[in-house]
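Note sheet for the following structure.
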Amino acid sequence: MPHELPDTAAARVLRGNVHFNRGDFRRAVGDYDAALALDPKDQVALSNRASAHYALGEDDAALKDVEEALKLNPEDGRAYMTRGVVRMRLTKFEEAAADFTEAMKRLPPEPELLLSRGLVYVELKMFPEA
């Protein structure tokens with residue numbers, strides 16, 4: 001007998017994460033949507049859905065979700081990083097640099113974060129900071 005997924009936001013987020021890690025971003029969005037239907041203030045679901053939207057090239061939806069996630073938890077370094085990469089792709093380099101700086105205050109040094117901030121500084125012609 002197959003196991004049914006518990007009808008909780010946390011279970012939907014976990015299944016969404018499985019889809020995300022498999023590269024099935026559309027199904028991940030569906031599970032994050034289901035989680036948010038159960039708990040509209042689930043910051044993790046919002047942040048993860050933002051990443052899935054970003055992976056699908058849906059930058060406006062990604063930006064909307066990550067901004068809502070940051071309202072719920074302004075200390076989430078990963079959300080700042082996500083917003084930074086979205087803003088970088090939207091060529092909002094100054095805002096992206098600020099997001100990466102905020103992420104660096106909250107996360108341990110990570111190569112992806114350092115590289116992203118460096119690339120933004122290059123775009124801004126701020127070579128010493130890069």
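Each chain of the structure tokens is named A, B, ... in the order shown, its residues numbered from 1; ligands are numbered from 1 in display order.
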(request) Do a neighbour search on Ser51 in chain A at 12 Å with only C-alpha atoms, toss out local chain neighbours closer than 6 positions, and write the hits as a ChimeraX atom specification. (result) /A:16-17,20-21,23,25-26,28-29,32,44-45,57-67,69,78-86
(request) Write out as a PyMOL selection string each polymer residue whose atoms come within 10 Å of range 111-119 of chain A, counting only C-alpha atoms; drop sequence neighbours fewer than 4 positions from it. (result) chain A and resi 78+81-82+84-85+88+93+96-101+103-104+107+123-130
(message) For the structure I just gave you, how does DSSP split range 14-94 of chain A - specifically, which residues are helix (DSSP H, G or I)? Reply as JSON, numbers by chain.
(response) {"A": [14, 15, 16, 17, 18, 19, 20, 21, 25, 26, 27, 28, 29, 30, 31, 32, 33, 34, 35, 36, 37, 38, 43, 44, 45, 46, 47, 48, 49, 50, 51, 52, 53, 54, 55, 59, 60, 61, 62, 63, 64, 65, 66, 67, 68, 69, 70, 71, 72, 77, 78, 79, 80, 81, 82, 83, 84, 85, 86, 87, 88, 89, 93, 94]}
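Across the structure, CA of Arg12 in chain A and CA of Arg89 in chain A are spaced 28.4 Å apart.
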(request) Work out how far CA of Asp31 in chain A is from CA of Ala9 in chain A, in Å to one decimal. (result)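 Between CA of Ala9 in chain A and CA of Asp31 in chain A the gap works out to 8.9 Å.
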Neighbouring residues of Asp42 in chain A were defined as those with any atom within 10 Å, considering only C-alpha atoms; residues of the same chain fewer than 3 positions away were excluded. Please report them as a short mmCIF file (atom, residue, chain, number, x, y, z; two decimals) with N, CA and C atoms, in the first residue's frame.
data_model
loop_
_atom_site.label_atom_id
_atom_site.label_comp_id
_atom_site.auth_asym_id
_atom_site.auth_seq_id
_atom_site.Cartn_x
_atom_site.Cartn_y
_atom_site.Cartn_z
N ALA A 9 2.06 21.55 5.73
CA ALA A 9 2.92 22.42 4.93
C ALA A 9 4.35 21.87 4.91
N ALA A 10 4.82 21.39 6.06
CA ALA A 10 6.20 20.87 6.12
C ALA A 10 6.39 19.70 5.16
N VAL A 13 6.63 21.03 1.64
CA VAL A 13 7.94 21.66 1.41
C VAL A 13 9.00 20.59 1.16
N TYR A 32 5.33 23.73 -3.31
CA TYR A 32 5.45 24.93 -2.47
C TYR A 32 4.14 25.71 -2.46
N ALA A 35 2.01 23.94 0.02
CA ALA A 35 2.44 24.26 1.39
C ALA A 35 1.90 25.62 1.80
N LEU A 36 1.98 26.57 0.89
CA LEU A 36 1.53 27.93 1.22
C LEU A 36 0.01 28.02 1.32
N ALA A 37 -0.71 27.14 0.64
CA ALA A 37 -2.16 27.09 0.79
C ALA A 37 -2.51 26.63 2.22
N LEU A 38 -1.67 25.76 2.77
CA LEU A 38 -1.89 25.27 4.14
C LEU A 38 -1.36 26.25 5.19
N ASP A 39 -0.28 26.95 4.86
CA ASP A 39 0.33 27.91 5.79
C ASP A 39 0.91 29.07 5.00
N ALA A 45 8.82 27.80 2.56
CA ALA A 45 8.13 27.53 1.30
C ALA A 45 8.25 28.71 0.34
N LEU A 46 8.11 29.92 0.87
CA LEU A 46 8.25 31.11 0.02
C LEU A 46 9.66 31.23 -0.55
N SER A 47 10.64 31.06 0.30
CA SER A 47 12.02 31.18 -0.14
C SER A 47 12.38 30.10 -1.16
N ALA A 69 9.33 36.46 1.75
CA ALA A 69 10.06 35.62 2.70
C ALA A 69 10.91 36.48 3.63
N LEU A 72 9.01 38.05 6.41
CA LEU A 72 8.71 37.10 7.48
C LEU A 72 9.95 36.77 8.31
#
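Take CA of Leu56 in chain A and CA of Glu94 in chain A: the distance between them is 23.6 Å.
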(request) Go through A:Arg106, A:Leu14, A:Arg22, A:Asn73 and flag the residue nearest Asn48 in chain A, using only C-alpha atoms for the distances. (result)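 The shortest atom-to-atom distance to Asn48 in chain A comes from A:Leu14.
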